[in-house]
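Worksheet: the structure to be examined is printed underneath.
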Amino acid sequence: MTETNPNEIVIVKSENSKINTVDFSNLIFGRVFTDHMFVCDFEDGKWQTPQIMPYQAMTIEPSARVFHYGQAVFEGMKAYKDENGKIFLFRPNENCNRINKSAARLAMPKFPEDYFFKGLETLLRLDSEWIKPGVGNSLYIRPFVIATEPAISASPAASYRFIIICSPAKAYYNEPVRVLFAEKYSRSADGGVGFAKAAGNYAAQFYPTSLAQKKGFDQIIWTDASSHKYLEEAGTMNIFFRIHDKLITAPNNDRILDGVTRKSVIQLAKDLGIECEVRRVSVKEIKAAAKDGSLKEIFGTGTAAVISPVSAFEHADDVFEIDQIKDSYASLFKSTLLDIQHNLSDDKHGWRYEIR
Ligand SMILES: *Cc1c(COP(=O)(O)O)cnc(C)c1O
């Protein structure tokens, strides 16, 4: 049996770049995609020859397992360009490992690390013009895997497709978000798939989030499914609380996604001498801190928005407004992370990964 080789990517270049039709100063997140995409199929028990081709619609049979049983996992990462045109990823090993952890939980095959890096790097070099320099500009990268076997028996598929698509993202000032602490609905449960970046975790949040939006909130902070007493994460972001000058964030467990931004903020807090406790955080504690004025900040962390400050939360019909303070930890972490990502500061932990 001849093994396929990640170095033998078959490349079909797009004949007409779309780049001149794109207004880079006016980008809506996730709407526009670059000229190329990376595709690799899993068939006959192995990953086949990888391909890069023009971004295009795909033909998948309606009986493909992904449409019926949601066998789908994804990642979210970004590429950055410095003023000298060098391109960087941020801790990409974390994403590669995590997509395989997610895949394993959904009974999907592991995508080899050499394929992941070779595919991603080749794609980024081809579409490098789409990465604009300047802090805040980036190229959002979406690797994902879907079950493609055309047969609707309820069991893991025999064939899969790994795909990477990329979408330019604009520097944006994110408005602080208003959040609701979950009291009824849950995002994940013990022994479930909450720690995996599984497509279905998102589908399950849309309805409760739409109810929260009708009440004037942007997002839900999920609580533990059994008691709804402990704050866990925001569903696209991990969450930090600042009481006095101390940060608190929930520990990882099988209900919470192990965010790269979260673990980077925990490390940066250590570097900056900011105390950060990783422990259970109760709703009661946060409400008490909001009442006595010791709750200084709440912010979310995730690749897409980096750091999102929270301006208000609601629980059991009590609404608490959080004044946005000057010199917040949120803005400190955001600028520190962006400087590392854009090659503007020392990278003492080796988080930058240059695409050569
Ligand atoms: C992707 C994601 C995050 C953020 O993870 P990062 O690695 O920091 O981007 C947080 N929570 C959930 C549920 C996610 O899917």
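Following the order of the structure tokens, chains are lettered A, B, ..., residues in each are numbered from 1, and ligands are numbered from 1.
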
Ligand 1: which residues are within 9 Å, counting only C-alpha atoms and all ligand atoms, as a PDB file with N, CA and C atoms, in the first residue's frame?
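The resulting selection_32.pdb:
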```
ATOM      1  N   PHE A  74     -14.630  21.689  14.062  1.00  0.00           N
ATOM      2  CA  PHE A  74     -13.949  22.790  13.378  1.00  0.00           C
ATOM      3  C   PHE A  74     -12.919  23.450  14.283  1.00  0.00           C
ATOM      4  N   GLU A  75     -12.184  24.373  13.721  1.00  0.00           N
ATOM      5  CA  GLU A  75     -11.228  25.192  14.456  1.00  0.00           C
ATOM      6  C   GLU A  75     -11.383  26.634  14.011  1.00  0.00           C
ATOM      7  N   GLY A  76     -10.824  27.543  14.793  1.00  0.00           N
ATOM      8  CA  GLY A  76     -10.789  28.949  14.409  1.00  0.00           C
ATOM      9  C   GLY A  76      -9.423  29.478  14.774  1.00  0.00           C
ATOM     10  N   MET A  77      -8.698  29.987  13.798  1.00  0.00           N
ATOM     11  CA  MET A  77      -7.377  30.540  14.067  1.00  0.00           C
ATOM     12  C   MET A  77      -7.179  31.754  13.164  1.00  0.00           C
ATOM     13  N   GLU A  94      -1.695  24.278  19.010  1.00  0.00           N
ATOM     14  CA  GLU A  94      -2.857  24.118  19.888  1.00  0.00           C
ATOM     15  C   GLU A  94      -4.103  23.779  19.069  1.00  0.00           C
ATOM     16  N   ASN A  95      -4.245  24.454  17.934  1.00  0.00           N
ATOM     17  CA  ASN A  95      -5.430  24.206  17.096  1.00  0.00           C
ATOM     18  C   ASN A  95      -5.371  22.837  16.449  1.00  0.00           C
ATOM     19  N   ARG A  98      -6.149  20.351  19.068  1.00  0.00           N
ATOM     20  CA  ARG A  98      -7.536  20.415  19.526  1.00  0.00           C
ATOM     21  C   ARG A  98      -8.510  19.854  18.495  1.00  0.00           C
ATOM     22  N   ARG A 187     -25.557  24.362  27.725  1.00  0.00           N
ATOM     23  CA  ARG A 187     -24.789  24.188  26.496  1.00  0.00           C
ATOM     24  C   ARG A 187     -24.166  22.805  26.439  1.00  0.00           C
ATOM     25  N   GLY A 194     -18.954  19.220  25.293  1.00  0.00           N
ATOM     26  CA  GLY A 194     -18.713  20.648  25.486  1.00  0.00           C
ATOM     27  C   GLY A 194     -17.275  21.070  25.260  1.00  0.00           C
ATOM     28  N   PHE A 195     -16.329  20.183  25.579  1.00  0.00           N
ATOM     29  CA  PHE A 195     -14.908  20.516  25.419  1.00  0.00           C
ATOM     30  C   PHE A 195     -14.480  20.455  23.956  1.00  0.00           C
ATOM     31  N   ALA A 196     -15.292  19.816  23.114  1.00  0.00           N
ATOM     32  CA  ALA A 196     -14.935  19.664  21.693  1.00  0.00           C
ATOM     33  C   ALA A 196     -15.456  20.861  20.904  1.00  0.00           C
ATOM     34  N   LYS A 197     -14.736  21.236  19.849  1.00  0.00           N
ATOM     35  CA  LYS A 197     -15.261  22.272  18.968  1.00  0.00           C
ATOM     36  C   LYS A 197     -16.133  21.573  17.939  1.00  0.00           C
ATOM     37  N   ALA A 198     -17.290  21.122  18.435  1.00  0.00           N
ATOM     38  CA  ALA A 198     -18.222  20.359  17.615  1.00  0.00           C
ATOM     39  C   ALA A 198     -19.291  21.303  17.095  1.00  0.00           C
ATOM     40  N   ALA A 199     -19.626  21.166  15.818  1.00  0.00           N
ATOM     41  CA  ALA A 199     -20.599  22.060  15.196  1.00  0.00           C
ATOM     42  C   ALA A 199     -21.908  22.087  15.984  1.00  0.00           C
ATOM     43  N   ASN A 201     -22.565  21.896  19.077  1.00  0.00           N
ATOM     44  CA  ASN A 201     -22.577  22.737  20.279  1.00  0.00           C
ATOM     45  C   ASN A 201     -23.101  24.129  19.956  1.00  0.00           C
ATOM     46  N   TYR A 202     -22.799  24.581  18.749  1.00  0.00           N
ATOM     47  CA  TYR A 202     -23.257  25.908  18.341  1.00  0.00           C
ATOM     48  C   TYR A 202     -24.747  25.881  18.016  1.00  0.00           C
ATOM     49  N   GLU A 233     -18.670  29.284  30.697  1.00  0.00           N
ATOM     50  CA  GLU A 233     -18.096  30.006  29.556  1.00  0.00           C
ATOM     51  C   GLU A 233     -19.201  30.593  28.716  1.00  0.00           C
ATOM     52  N   ALA A 234     -18.800  31.368  27.703  1.00  0.00           N
ATOM     53  CA  ALA A 234     -19.800  32.106  26.944  1.00  0.00           C
ATOM     54  C   ALA A 234     -20.217  31.440  25.646  1.00  0.00           C
ATOM     55  N   GLY A 235     -19.691  30.293  25.340  1.00  0.00           N
ATOM     56  CA  GLY A 235     -20.193  29.598  24.157  1.00  0.00           C
ATOM     57  C   GLY A 235     -19.423  29.891  22.879  1.00  0.00           C
ATOM     58  N   THR A 236     -18.814  31.062  22.777  1.00  0.00           N
ATOM     59  CA  THR A 236     -17.818  31.294  21.728  1.00  0.00           C
ATOM     60  C   THR A 236     -16.578  31.863  22.371  1.00  0.00           C
ATOM     61  N   MET A 237     -16.643  32.061  23.673  1.00  0.00           N
ATOM     62  CA  MET A 237     -15.531  32.677  24.407  1.00  0.00           C
ATOM     63  C   MET A 237     -15.458  32.055  25.796  1.00  0.00           C
ATOM     64  N   ASN A 238     -14.257  31.980  26.322  1.00  0.00           N
ATOM     65  CA  ASN A 238     -14.108  31.674  27.738  1.00  0.00           C
ATOM     66  C   ASN A 238     -14.305  32.984  28.498  1.00  0.00           C
ATOM     67  N   ILE A 239     -14.454  32.890  29.817  1.00  0.00           N
ATOM     68  CA  ILE A 239     -14.852  34.092  30.546  1.00  0.00           C
ATOM     69  C   ILE A 239     -13.996  34.305  31.802  1.00  0.00           C
ATOM     70  N   ILE A 256     -16.323  22.478  29.133  1.00  0.00           N
ATOM     71  CA  ILE A 256     -15.802  23.792  28.743  1.00  0.00           C
ATOM     72  C   ILE A 256     -14.718  23.642  27.680  1.00  0.00           C
ATOM     73  N   LEU A 257     -14.763  24.500  26.681  1.00  0.00           N
ATOM     74  CA  LEU A 257     -13.735  24.456  25.649  1.00  0.00           C
ATOM     75  C   LEU A 257     -12.413  25.052  26.160  1.00  0.00           C
ATOM     76  N   ASP A 258     -11.350  24.334  25.889  1.00  0.00           N
ATOM     77  CA  ASP A 258     -10.016  24.724  26.347  1.00  0.00           C
ATOM     78  C   ASP A 258      -9.446  25.765  25.378  1.00  0.00           C
ATOM     79  N   GLY A 259      -9.802  27.027  25.591  1.00  0.00           N
ATOM     80  CA  GLY A 259      -9.456  28.081  24.640  1.00  0.00           C
ATOM     81  C   GLY A 259      -7.980  28.455  24.644  1.00  0.00           C
ATOM     82  N   VAL A 260      -7.459  28.715  23.462  1.00  0.00           N
ATOM     83  CA  VAL A 260      -6.057  29.134  23.318  1.00  0.00           C
ATOM     84  C   VAL A 260      -5.893  30.546  23.893  1.00  0.00           C
ATOM     85  N   THR A 261      -6.883  31.409  23.654  1.00  0.00           N
ATOM     86  CA  THR A 261      -6.800  32.772  24.180  1.00  0.00           C
ATOM     87  C   THR A 261      -6.866  32.739  25.703  1.00  0.00           C
ATOM     88  N   ARG A 262      -7.742  31.887  26.242  1.00  0.00           N
ATOM     89  CA  ARG A 262      -7.845  31.744  27.708  1.00  0.00           C
ATOM     90  C   ARG A 262      -6.504  31.362  28.310  1.00  0.00           C
ATOM     91  N   LYS A 263      -5.885  30.304  27.752  1.00  0.00           N
ATOM     92  CA  LYS A 263      -4.633  29.869  28.383  1.00  0.00           C
ATOM     93  C   LYS A 263      -3.521  30.899  28.178  1.00  0.00           C
ATOM     94  N   SER A 264      -3.598  31.671  27.093  1.00  0.00           N
ATOM     95  CA  SER A 264      -2.604  32.723  26.878  1.00  0.00           C
ATOM     96  C   SER A 264      -2.803  33.851  27.893  1.00  0.00           C
ATOM     97  N   GLY A 300     -14.655  38.304  27.989  1.00  0.00           N
ATOM     98  CA  GLY A 300     -14.552  37.021  27.306  1.00  0.00           C
ATOM     99  C   GLY A 300     -13.272  36.967  26.491  1.00  0.00           C
ATOM    100  N   THR A 301     -12.786  35.754  26.239  1.00  0.00           N
ATOM    101  CA  THR A 301     -11.561  35.578  25.450  1.00  0.00           C
ATOM    102  C   THR A 301     -11.804  34.546  24.347  1.00  0.00           C
ATOM    103  N   GLY A 302     -11.382  34.890  23.132  1.00  0.00           N
ATOM    104  CA  GLY A 302     -11.518  33.950  22.013  1.00  0.00           C
ATOM    105  C   GLY A 302     -10.785  34.504  20.806  1.00  0.00           C
ATOM    106  N   THR A 303     -10.447  33.643  19.884  1.00  0.00           N
ATOM    107  CA  THR A 303      -9.649  34.051  18.725  1.00  0.00           C
ATOM    108  C   THR A 303     -10.322  35.152  17.903  1.00  0.00           C
ATOM    109  N   ALA A 304     -11.623  35.039  17.686  1.00  0.00           N
ATOM    110  CA  ALA A 304     -12.290  35.968  16.776  1.00  0.00           C
ATOM    111  C   ALA A 304     -12.239  37.404  17.291  1.00  0.00           C
ATOM    112  N   ALA A 305     -12.693  37.638  18.526  1.00  0.00           N
ATOM    113  CA  ALA A 305     -12.747  39.010  19.047  1.00  0.00           C
ATOM    114  C   ALA A 305     -11.576  39.324  19.979  1.00  0.00           C
ATOM    115  N   VAL A 306     -10.708  38.371  20.231  1.00  0.00           N
ATOM    116  CA  VAL A 306      -9.565  38.466  21.156  1.00  0.00           C
ATOM    117  C   VAL A 306     -10.064  38.611  22.601  1.00  0.00           C
TER     118      VAL A 306
END
```

Excluding region 39-49 of chain A and residues on its chain fewer than 6 positions from it, collect all residues at most 6 Å away from it, counting only C-alpha atoms, and give them as a PDB file with N, CA and C atoms, in the first residue's frame.
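Final file, part15.pdb:
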```
ATOM      1  N   THR A   4      -0.072   8.143   1.122  1.00  0.00           N
ATOM      2  CA  THR A   4      -0.029   9.454   0.487  1.00  0.00           C
ATOM      3  C   THR A   4       0.911  10.346   1.295  1.00  0.00           C
ATOM      4  N   SER A 159     -16.065   7.772   5.454  1.00  0.00           N
ATOM      5  CA  SER A 159     -15.317   8.783   4.703  1.00  0.00           C
ATOM      6  C   SER A 159     -15.588  10.178   5.241  1.00  0.00           C
ATOM      7  N   TYR A 160     -14.558  11.009   5.126  1.00  0.00           N
ATOM      8  CA  TYR A 160     -14.570  12.354   5.710  1.00  0.00           C
ATOM      9  C   TYR A 160     -13.895  13.314   4.763  1.00  0.00           C
ATOM     10  N   ARG A 161     -14.159  14.595   4.955  1.00  0.00           N
ATOM     11  CA  ARG A 161     -13.421  15.610   4.209  1.00  0.00           C
ATOM     12  C   ARG A 161     -12.903  16.660   5.191  1.00  0.00           C
ATOM     13  N   PHE A 162     -11.612  16.915   5.107  1.00  0.00           N
ATOM     14  CA  PHE A 162     -10.974  17.982   5.884  1.00  0.00           C
ATOM     15  C   PHE A 162     -10.813  19.171   4.945  1.00  0.00           C
ATOM     16  N   ILE A 163     -11.239  20.333   5.392  1.00  0.00           N
ATOM     17  CA  ILE A 163     -11.228  21.520   4.523  1.00  0.00           C
ATOM     18  C   ILE A 163     -10.676  22.707   5.315  1.00  0.00           C
TER      19      ILE A 163
END
```

Which residues are close to Lys284 (chain A), i.e. within 9 Å by only C-alpha atoms, leaving aside same-chain residues fewer than 3 positions away? Reply as a ChimeraX atom specification. /A:229-230,281,287-289

Go ahead and write the residues just picked, N, CA and C atoms, as an mmCIF file, in the first residue's frame.
```cif
data_model
loop_
_atom_site.group_PDB
_atom_site.id
_atom_site.type_symbol
_atom_site.label_atom_id
_atom_site.label_comp_id
_atom_site.auth_asym_id
_atom_site.auth_seq_id
_atom_site.Cartn_x
_atom_site.Cartn_y
_atom_site.Cartn_z
ATOM 1 N N LYS A 229 -25.404 26.918 39.134
ATOM 2 C CA LYS A 229 -24.857 27.814 40.162
ATOM 3 C C LYS A 229 -23.470 28.333 39.817
ATOM 4 N N TYR A 230 -22.781 27.660 38.916
ATOM 5 C CA TYR A 230 -21.396 28.036 38.618
ATOM 6 C C TYR A 230 -21.255 28.510 37.177
ATOM 7 N N VAL A 281 -16.418 29.439 39.863
ATOM 8 C CA VAL A 281 -16.904 30.793 40.135
ATOM 9 C C VAL A 281 -18.413 30.696 40.274
ATOM 10 N N LYS A 287 -22.600 38.071 41.853
ATOM 11 C CA LYS A 287 -23.663 39.033 42.163
ATOM 12 C C LYS A 287 -23.313 39.835 43.421
ATOM 13 N N ALA A 288 -22.762 39.156 44.417
ATOM 14 C CA ALA A 288 -22.367 39.860 45.652
ATOM 15 C C ALA A 288 -21.274 40.883 45.359
ATOM 16 N N ALA A 289 -20.315 40.484 44.505
ATOM 17 C CA ALA A 289 -19.219 41.406 44.166
ATOM 18 C C ALA A 289 -19.733 42.594 43.352
#
```

For a test of reading the model, state the distance in Å between CA of Lys170 (chain A) and CA of Gln324 (chain A), rounded to one decimal. 23.5 Å

Nearest to Arg352 (chain A): which of A:Lys132, A:Lys86, A:His228, A:Lys101 is it, counting only C-alpha atoms? A:Lys86

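Closest to Ala103 (chain A) among A:Pro156, A:Gln267, A:Thr59, A:Pro133 is A:Pro156, based on only C-alpha atoms.
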
Hey, can you check how far CA of Ser153 (chain A) sits from CA of Glu61 (chain A)? 14.2 Å

Can you list, as an MDAnalysis selection string, every residue of region 3-230 of chain A that DSSP puts in helix (DSSP H, G or I)? chainID A and resid 19:21 65:69 92:105 113:126 128:130 199:214

Enumerate the residues of region 262-293 of chain A with a DSSP assignment of strand (DSSP E or B), computed from the backbone, and present them as number ranges by chain. A: 276-278, 282

Report the distance between CA of Ile52 (chain A) and CA of Ile11 (chain A) in Å, rounded to one decimal place. 4.7 Å

Surrounding residues of region 335-351 of chain A excluding itself and chain neighbours under 5 positions, 9 Å, only C-alpha atoms, as JSON, numbers by chain: {"A": [79, 80, 81, 82, 83, 86, 87, 88, 89, 90, 91, 92, 133, 134, 135, 136, 261, 264, 265, 268, 306, 330]}

Find the residues around Lys246 (chain A) up to 7 Å (only C-alpha atoms counted), leave out those fewer than 6 positions away in its own chain, and share them as number ranges by chain. A: 274-276
